[in-house]
Amino acid sequence: MTTTLATTEKEDLSIEIGAMPIARRTHDSPFPRLIEKPDCLSVVIAIGGVAVRLNTTSPDFLAMLKRRYVGFVSSESHAEFDLDVNLSPPEFCDPIAGVRVTHRSARWLIEWGDLRAEWETAGRRGTIHQTANPYSIDAVLRILHTLLLARQGGFLLHASSAIRNGKAFLFSGVSGAGKTTISRLAPPDATLLTDEVSYVRREGNRYMAYGTPFAGELARPGENCSAPLSALFLLEKGLQNSIEPISPTDAIQRLLRNILFFAHDPALVKLLFQSACEFASLVPIHRLVFVPDQRVWDLIR
Amino acid sequence: MAEKYISRSSAIAARMLGGEMMVMSAVDSTFFTLNEVASAIWQAADGRTPLSEIVASKICREFDVDRERAQRGADRFVDELSQHGILLVSEQPIMDFSSSPGNQ
């Protein structure tokens with residue numbers, strides 16, 4: 001859909017005084033030639049209560065965003081971040097290149113293959129250049145939230161999470177540890193916040209867990225709600241269900257191993273270390289050894 | 001053998017918990033948990049006290065270990081942490097921490 005803002009055709013600018021034509025000529029418009037500007041289509045995606053507006057000119061891309069982030073699309077017009085998404089055709093890029101997140105000239109910059117995103121640290125306006133795929137925008141949103149949370153005493157954690165009896169529980173572990181399995185086994189009275197990437201933020205003297213649209217093998221977004229965090233379980237598959245203690249230093253080390261952070265920024269890395277220590281002092285951390293059946297949820301209340 | 005002076009890099013984050021010191025490099029996120037002896041060396045790494053003096057006054061006096069063995073252990077510990085930029089090592093006292101490479 002396009003809207004024409006001004007005509008560029010020659011037009012007759014004749015004027016008449018009374019009945020006598022005093023000027024009658026055809027000439028180029030005195031106004032600069034204006035290019036047809038496509039309509040800007042927007043969607044606001046709010047994760048953890050932080051609203052990010054994505055602007056695109058592609059109705060198809062907009063529809064994909066609304067599908068992918070269903071439940072997290074906000075009707076609010078206000079957004080803390082405003083990012084223009086410029087879609088481009090695929091280019092050759094190094095398939096094994098890792099993501100680079102750097103802070104330069106008061107701007108955050110993400111470079112990953114043919115993805116390039118940047119925004120002003122203060123103004124929070126920026127652009128994303130990417131091909132029309134859902135994974136790049138997902139990566140930008142994840143990284144943006146890791147940067148934001150690092151200064152708020154929070155983090156994104158490689159963990160599934162759920163709310164039960166008004167309390168949130170995190171289940172963390174490396175790939176294959178059972179994050180998706182324990183999500184699949186959740187009883188009907190549990191609300192799934194995510195099966196892949198959990199959103200944790202300190203609020204006063206407690207931590208809150210928020211739902212995210214970042215899905216793993218379940219391939220569906222979590223519920224967009226939150227609850228005070230009651231415990232973090234470090235998952236291990238075993239022969240019986242049991243909750244086992246873990247030393248504080250081991251707990252912090254394993255917590256740090258599962259925090260998502262991509263920026264080469266020593267100051268923020270230091271903040272994350274402090275956040276992990278604070279988290280461990282306020283939230284019980286245990287090992288959860290489990291067999292993959294529903295009885296494990298008898299331990300989680 | 002030349003004397004060693006050691007100081008803690010500022011490009012790290014550290015916290016003492018339950019008698020153990022956790023140290024993480026802010027540059028490459030390498031994580032170390034130091035036992036009591038290593039924690040004592042870490043805390044004494046002020047850039048001005050020679051390592052041999054730290055071993056004599058902090059380690060041999062407070063832990064049941066002979067001087068030679070303690071020195072060997074301290075040298076290994078210092079070498080490993082310095083390779084990760086977590087400890088700075090010099091043959092001269094390290095007076096200006098802010099100008100050291102580990103503090104960028």
# chains A, B, ... in the order shown; residues from 1 in each chain; ligands from 1
>>> interface_residues(of="chain A", to="chain B", cutoff="10 Å", atoms="only C-alpha atoms", output="PDB file with C-alpha atoms, in the first residue's frame")
ATOM      1  CA  SER A 247      27.132 -24.946  47.092  1.00  0.00           C
ATOM      2  CA  PRO A 248      26.704 -21.187  46.660  1.00  0.00           C
ATOM      3  CA  THR A 249      29.796 -20.849  44.493  1.00  0.00           C
ATOM      4  CA  ASP A 250      28.733 -23.750  42.245  1.00  0.00           C
ATOM      5  CA  ILE A 252      26.630 -18.863  40.922  1.00  0.00           C
ATOM      6  CA  GLN A 253      29.038 -20.417  38.438  1.00  0.00           C
ATOM      7  CA  LEU A 256      26.542 -17.368  35.067  1.00  0.00           C
ATOM      8  CA  ARG A 257      27.097 -20.125  32.514  1.00  0.00           C
ATOM      9  CA  HIS A 264      32.009  -7.145  24.510  1.00  0.00           C
ATOM     10  CA  ASP A 265      31.570  -4.764  27.399  1.00  0.00           C
ATOM     11  CA  PRO A 266      33.603  -5.443  30.546  1.00  0.00           C
ATOM     12  CA  ALA A 267      31.621  -2.926  32.594  1.00  0.00           C
ATOM     13  CA  LEU A 268      28.349  -4.739  31.875  1.00  0.00           C
ATOM     14  CA  VAL A 269      29.979  -8.133  32.452  1.00  0.00           C
ATOM     15  CA  LYS A 270      30.977  -6.922  35.915  1.00  0.00           C
ATOM     16  CA  LEU A 271      27.397  -5.828  36.562  1.00  0.00           C
ATOM     17  CA  LEU A 272      26.128  -9.255  35.505  1.00  0.00           C
ATOM     18  CA  PHE A 273      28.523 -10.957  37.899  1.00  0.00           C
ATOM     19  CA  GLN A 274      27.240  -8.773  40.732  1.00  0.00           C
ATOM     20  CA  CYS A 277      25.676 -12.962  43.238  1.00  0.00           C
TER      21      CYS A 277
END
>>> residues_around(residues="segment 139-144 of chain A", least_positions_apart="2", cutoff="8 Å", atoms="only C-alpha atoms", output="list of chain:residue names")
A:Ile110, A:Ala117, A:Tyr135, A:Ser136, A:Ile137, A:Thr146, A:Leu147, A:Leu148, A:Leu156, A:Phe261, A:Phe262
>>> closest_residue(among="A:Thr194, A:Thr121, A:Ser42, A:Thr102", to="Leu218 of chain A", atoms="only C-alpha atoms")
A:Thr194
>>> residues_around(residues="Arg124 of chain A", least_positions_apart="4", cutoff="7 Å", atoms="only C-alpha atoms", output="ChimeraX atom specification")
/A:80-82,119-120
>>> write_last_selection(atoms="N, CA and C atoms", output="PDB file, in the first residue's frame")
ATOM      1  N   GLU A  80       9.421   2.390  24.285  1.00  0.00           N
ATOM      2  CA  GLU A  80      10.717   2.885  24.774  1.00  0.00           C
ATOM      3  C   GLU A  80      11.782   2.826  23.698  1.00  0.00           C
ATOM      4  N   PHE A  81      11.623   1.907  22.754  1.00  0.00           N
ATOM      5  CA  PHE A  81      12.562   1.792  21.633  1.00  0.00           C
ATOM      6  C   PHE A  81      11.780   1.921  20.329  1.00  0.00           C
ATOM      7  N   ASP A  82      12.415   2.522  19.334  1.00  0.00           N
ATOM      8  CA  ASP A  82      11.768   2.733  18.034  1.00  0.00           C
ATOM      9  C   ASP A  82      12.766   2.326  16.951  1.00  0.00           C
ATOM     10  N   TRP A 119      21.312   1.267  17.372  1.00  0.00           N
ATOM     11  CA  TRP A 119      20.415   2.267  17.937  1.00  0.00           C
ATOM     12  C   TRP A 119      21.193   3.171  18.888  1.00  0.00           C
ATOM     13  N   GLU A 120      20.656   4.376  19.032  1.00  0.00           N
ATOM     14  CA  GLU A 120      21.282   5.346  19.936  1.00  0.00           C
ATOM     15  C   GLU A 120      21.032   4.895  21.368  1.00  0.00           C
TER      16      GLU A 120
END
>>> residues_around(residues="Glu244 of chain A", least_positions_apart="2", cutoff="8 Å", atoms="only C-alpha atoms", output="MDAnalysis selection string")
chainID A and resid 242 246 286:289
>>> write_last_selection(atoms="all heavy atoms", output="PDB file, in the first residue's frame")
ATOM      1  N   SER A 242      14.340 -35.736  42.705  1.00  0.00           N
ATOM      2  CA  SER A 242      14.805 -35.226  43.992  1.00  0.00           C
ATOM      3  C   SER A 242      15.356 -33.814  43.833  1.00  0.00           C
ATOM      4  O   SER A 242      15.848 -33.442  42.765  1.00  0.00           O
ATOM      5  CB  SER A 242      15.890 -36.130  44.591  1.00  0.00           C
ATOM      6  OG  SER A 242      17.034 -36.133  43.760  1.00  0.00           O
ATOM      7  N   ILE A 246      23.136 -27.406  46.475  1.00  0.00           N
ATOM      8  CA  ILE A 246      24.317 -27.063  45.673  1.00  0.00           C
ATOM      9  C   ILE A 246      25.053 -25.957  46.413  1.00  0.00           C
ATOM     10  O   ILE A 246      24.410 -25.105  47.056  1.00  0.00           O
ATOM     11  CB  ILE A 246      23.910 -26.635  44.244  1.00  0.00           C
ATOM     12  CG1 ILE A 246      25.136 -26.380  43.376  1.00  0.00           C
ATOM     13  CG2 ILE A 246      22.992 -25.422  44.248  1.00  0.00           C
ATOM     14  CD1 ILE A 246      24.832 -26.200  41.898  1.00  0.00           C
ATOM     15  N   HIS A 286      18.654 -24.745  43.565  1.00  0.00           N
ATOM     16  CA  HIS A 286      18.824 -26.169  43.856  1.00  0.00           C
ATOM     17  C   HIS A 286      19.118 -26.918  42.566  1.00  0.00           C
ATOM     18  O   HIS A 286      18.806 -26.434  41.478  1.00  0.00           O
ATOM     19  CB  HIS A 286      17.535 -26.774  44.438  1.00  0.00           C
ATOM     20  CG  HIS A 286      16.915 -25.995  45.538  1.00  0.00           C
ATOM     21  ND1 HIS A 286      17.416 -25.988  46.814  1.00  0.00           N
ATOM     22  CD2 HIS A 286      15.823 -25.180  45.559  1.00  0.00           C
ATOM     23  CE1 HIS A 286      16.656 -25.222  47.581  1.00  0.00           C
ATOM     24  NE2 HIS A 286      15.682 -24.714  46.841  1.00  0.00           N
ATOM     25  N   ARG A 287      19.662 -28.118  42.741  1.00  0.00           N
ATOM     26  CA  ARG A 287      19.696 -29.068  41.618  1.00  0.00           C
ATOM     27  C   ARG A 287      18.381 -29.826  41.619  1.00  0.00           C
ATOM     28  O   ARG A 287      17.909 -30.226  42.677  1.00  0.00           O
ATOM     29  CB  ARG A 287      20.855 -30.050  41.789  1.00  0.00           C
ATOM     30  CG  ARG A 287      22.219 -29.409  41.607  1.00  0.00           C
ATOM     31  CD  ARG A 287      23.321 -30.309  42.120  1.00  0.00           C
ATOM     32  NE  ARG A 287      23.250 -31.645  41.547  1.00  0.00           N
ATOM     33  CZ  ARG A 287      23.354 -32.780  42.261  1.00  0.00           C
ATOM     34  NH1 ARG A 287      23.552 -32.736  43.555  1.00  0.00           N
ATOM     35  NH2 ARG A 287      23.290 -33.949  41.655  1.00  0.00           N
ATOM     36  N   LEU A 288      17.783 -29.957  40.442  1.00  0.00           N
ATOM     37  CA  LEU A 288      16.571 -30.772  40.337  1.00  0.00           C
ATOM     38  C   LEU A 288      16.894 -31.980  39.467  1.00  0.00           C
ATOM     39  O   LEU A 288      17.057 -31.863  38.253  1.00  0.00           O
ATOM     40  CB  LEU A 288      15.425 -29.963  39.715  1.00  0.00           C
ATOM     41  CG  LEU A 288      14.126 -30.735  39.475  1.00  0.00           C
ATOM     42  CD1 LEU A 288      13.542 -31.276  40.793  1.00  0.00           C
ATOM     43  CD2 LEU A 288      13.079 -29.852  38.789  1.00  0.00           C
ATOM     44  N   VAL A 289      17.034 -33.126  40.139  1.00  0.00           N
ATOM     45  CA  VAL A 289      17.279 -34.373  39.421  1.00  0.00           C
ATOM     46  C   VAL A 289      15.913 -34.975  39.125  1.00  0.00           C
ATOM     47  O   VAL A 289      15.080 -35.098  40.033  1.00  0.00           O
ATOM     48  CB  VAL A 289      18.130 -35.339  40.274  1.00  0.00           C
ATOM     49  CG1 VAL A 289      18.423 -36.618  39.503  1.00  0.00           C
ATOM     50  CG2 VAL A 289      19.433 -34.656  40.697  1.00  0.00           C
TER      51      VAL A 289
END
>>> decode(residues="segment 56-93 of chain B", atoms="N, CA, C and O atoms", output="compact mmCIF listing (two decimals), in the first residue's frame")
# COMPACT_ATOMS: atom_id res chain seq x y z
N ALA B 56 55.46 -15.91 52.99
CA ALA B 56 56.00 -16.07 54.34
C ALA B 56 55.03 -15.57 55.41
O ALA B 56 54.79 -16.24 56.43
N SER B 57 54.45 -14.39 55.17
CA SER B 57 53.67 -13.77 56.25
C SER B 57 52.20 -14.20 56.24
O SER B 57 51.55 -14.21 57.29
N LYS B 58 51.68 -14.53 55.09
CA LYS B 58 50.24 -14.87 55.04
C LYS B 58 50.00 -16.38 54.94
O LYS B 58 49.06 -16.89 55.54
N ILE B 59 50.83 -17.04 54.16
CA ILE B 59 50.54 -18.46 53.90
C ILE B 59 51.19 -19.35 54.96
O ILE B 59 50.50 -20.11 55.66
N CYS B 60 52.53 -19.24 55.10
CA CYS B 60 53.22 -20.14 56.02
C CYS B 60 52.78 -19.90 57.46
O CYS B 60 52.75 -20.82 58.28
N ARG B 61 52.43 -18.67 57.78
CA ARG B 61 52.06 -18.36 59.15
C ARG B 61 50.64 -18.84 59.46
O ARG B 61 50.33 -19.22 60.57
N GLU B 62 49.76 -18.78 58.47
CA GLU B 62 48.35 -19.09 58.74
C GLU B 62 47.93 -20.50 58.31
O GLU B 62 46.87 -20.98 58.70
N PHE B 63 48.73 -21.13 57.46
CA PHE B 63 48.37 -22.47 57.00
C PHE B 63 49.53 -23.41 57.28
O PHE B 63 50.69 -22.99 57.35
N ASP B 64 49.20 -24.68 57.41
CA ASP B 64 50.21 -25.67 57.77
C ASP B 64 50.93 -26.15 56.50
O ASP B 64 50.60 -27.20 55.94
N VAL B 65 51.90 -25.37 56.06
CA VAL B 65 52.60 -25.71 54.82
C VAL B 65 54.03 -25.15 54.92
O VAL B 65 54.26 -24.08 55.49
N ASP B 66 54.99 -25.92 54.37
CA ASP B 66 56.37 -25.42 54.45
C ASP B 66 56.62 -24.36 53.37
O ASP B 66 55.90 -24.28 52.37
N ARG B 67 57.65 -23.58 53.59
CA ARG B 67 57.92 -22.40 52.77
C ARG B 67 58.12 -22.75 51.29
O ARG B 67 57.56 -22.10 50.42
N GLU B 68 58.93 -23.80 51.05
CA GLU B 68 59.25 -24.14 49.65
C GLU B 68 58.01 -24.58 48.88
O GLU B 68 57.76 -24.15 47.75
N ARG B 69 57.22 -25.42 49.51
CA ARG B 69 56.01 -25.92 48.86
C ARG B 69 55.00 -24.78 48.64
O ARG B 69 54.36 -24.69 47.60
N ALA B 70 54.89 -23.93 49.63
CA ALA B 70 53.96 -22.80 49.51
C ALA B 70 54.38 -21.87 48.37
O ALA B 70 53.55 -21.37 47.61
N GLN B 71 55.70 -21.66 48.24
CA GLN B 71 56.19 -20.76 47.19
C GLN B 71 55.91 -21.34 45.80
O GLN B 71 55.49 -20.63 44.89
N ARG B 72 56.15 -22.65 45.67
CA ARG B 72 55.87 -23.31 44.37
C ARG B 72 54.39 -23.17 44.00
O ARG B 72 54.02 -22.84 42.87
N GLY B 73 53.54 -23.43 44.98
CA GLY B 73 52.09 -23.32 44.74
C GLY B 73 51.68 -21.90 44.39
O GLY B 73 50.87 -21.67 43.49
N ALA B 74 52.27 -20.95 45.10
CA ALA B 74 51.95 -19.53 44.85
C ALA B 74 52.39 -19.12 43.44
O ALA B 74 51.68 -18.41 42.73
N ASP B 75 53.59 -19.59 43.04
CA ASP B 75 54.10 -19.26 41.69
C ASP B 75 53.15 -19.80 40.61
O ASP B 75 52.86 -19.11 39.63
N ARG B 76 52.71 -21.04 40.80
CA ARG B 76 51.80 -21.64 39.81
C ARG B 76 50.47 -20.87 39.74
O ARG B 76 49.96 -20.57 38.67
N PHE B 77 49.96 -20.55 40.90
CA PHE B 77 48.69 -19.82 40.99
C PHE B 77 48.79 -18.45 40.30
O PHE B 77 47.93 -18.06 39.49
N VAL B 78 49.88 -17.76 40.60
CA VAL B 78 50.08 -16.43 40.02
C VAL B 78 50.24 -16.53 38.50
O VAL B 78 49.67 -15.73 37.75
N ASP B 79 51.00 -17.52 38.05
CA ASP B 79 51.18 -17.68 36.60
C ASP B 79 49.85 -17.91 35.90
O ASP B 79 49.56 -17.31 34.86
N GLU B 80 49.02 -18.78 36.47
CA GLU B 80 47.75 -19.12 35.81
C GLU B 80 46.83 -17.91 35.76
O GLU B 80 46.25 -17.61 34.71
N LEU B 81 46.70 -17.21 36.88
CA LEU B 81 45.80 -16.06 36.87
C LEU B 81 46.32 -14.91 36.02
O LEU B 81 45.55 -14.17 35.42
N SER B 82 47.65 -14.79 35.96
CA SER B 82 48.20 -13.70 35.14
C SER B 82 47.97 -13.98 33.65
O SER B 82 47.80 -13.06 32.86
N GLN B 83 47.95 -15.27 33.28
CA GLN B 83 47.69 -15.60 31.86
C GLN B 83 46.30 -15.17 31.43
O GLN B 83 46.06 -14.92 30.25
N HIS B 84 45.38 -15.09 32.36
CA HIS B 84 44.02 -14.64 32.04
C HIS B 84 43.84 -13.15 32.30
O HIS B 84 42.72 -12.63 32.22
N GLY B 85 44.93 -12.47 32.66
CA GLY B 85 44.84 -11.03 32.91
C GLY B 85 44.14 -10.68 34.20
O GLY B 85 43.73 -9.55 34.42
N ILE B 86 44.01 -11.67 35.07
CA ILE B 86 43.28 -11.44 36.32
C ILE B 86 44.21 -10.88 37.40
O ILE B 86 43.84 -10.05 38.21
N LEU B 87 45.46 -11.38 37.38
CA LEU B 87 46.50 -10.81 38.25
C LEU B 87 47.55 -10.16 37.37
O LEU B 87 47.90 -10.68 36.30
N LEU B 88 48.08 -9.04 37.82
CA LEU B 88 49.16 -8.38 37.11
C LEU B 88 50.46 -8.70 37.85
O LEU B 88 50.50 -8.66 39.07
N VAL B 89 51.49 -9.04 37.10
CA VAL B 89 52.75 -9.45 37.71
C VAL B 89 53.88 -8.57 37.18
O VAL B 89 53.93 -8.26 35.98
N SER B 90 54.77 -8.17 38.08
CA SER B 90 55.90 -7.35 37.66
C SER B 90 57.10 -7.67 38.56
O SER B 90 56.94 -8.15 39.68
N GLU B 91 58.29 -7.38 38.03
CA GLU B 91 59.48 -7.53 38.87
C GLU B 91 59.70 -6.28 39.70
O GLU B 91 60.61 -6.24 40.54
N GLN B 92 58.93 -5.24 39.43
CA GLN B 92 58.99 -4.00 40.20
C GLN B 92 57.65 -3.79 40.90
O GLN B 92 56.62 -4.30 40.44
N PRO B 93 57.66 -3.05 42.00
CA PRO B 93 56.37 -2.73 42.63
C PRO B 93 55.43 -2.08 41.62
O PRO B 93 55.86 -1.29 40.78
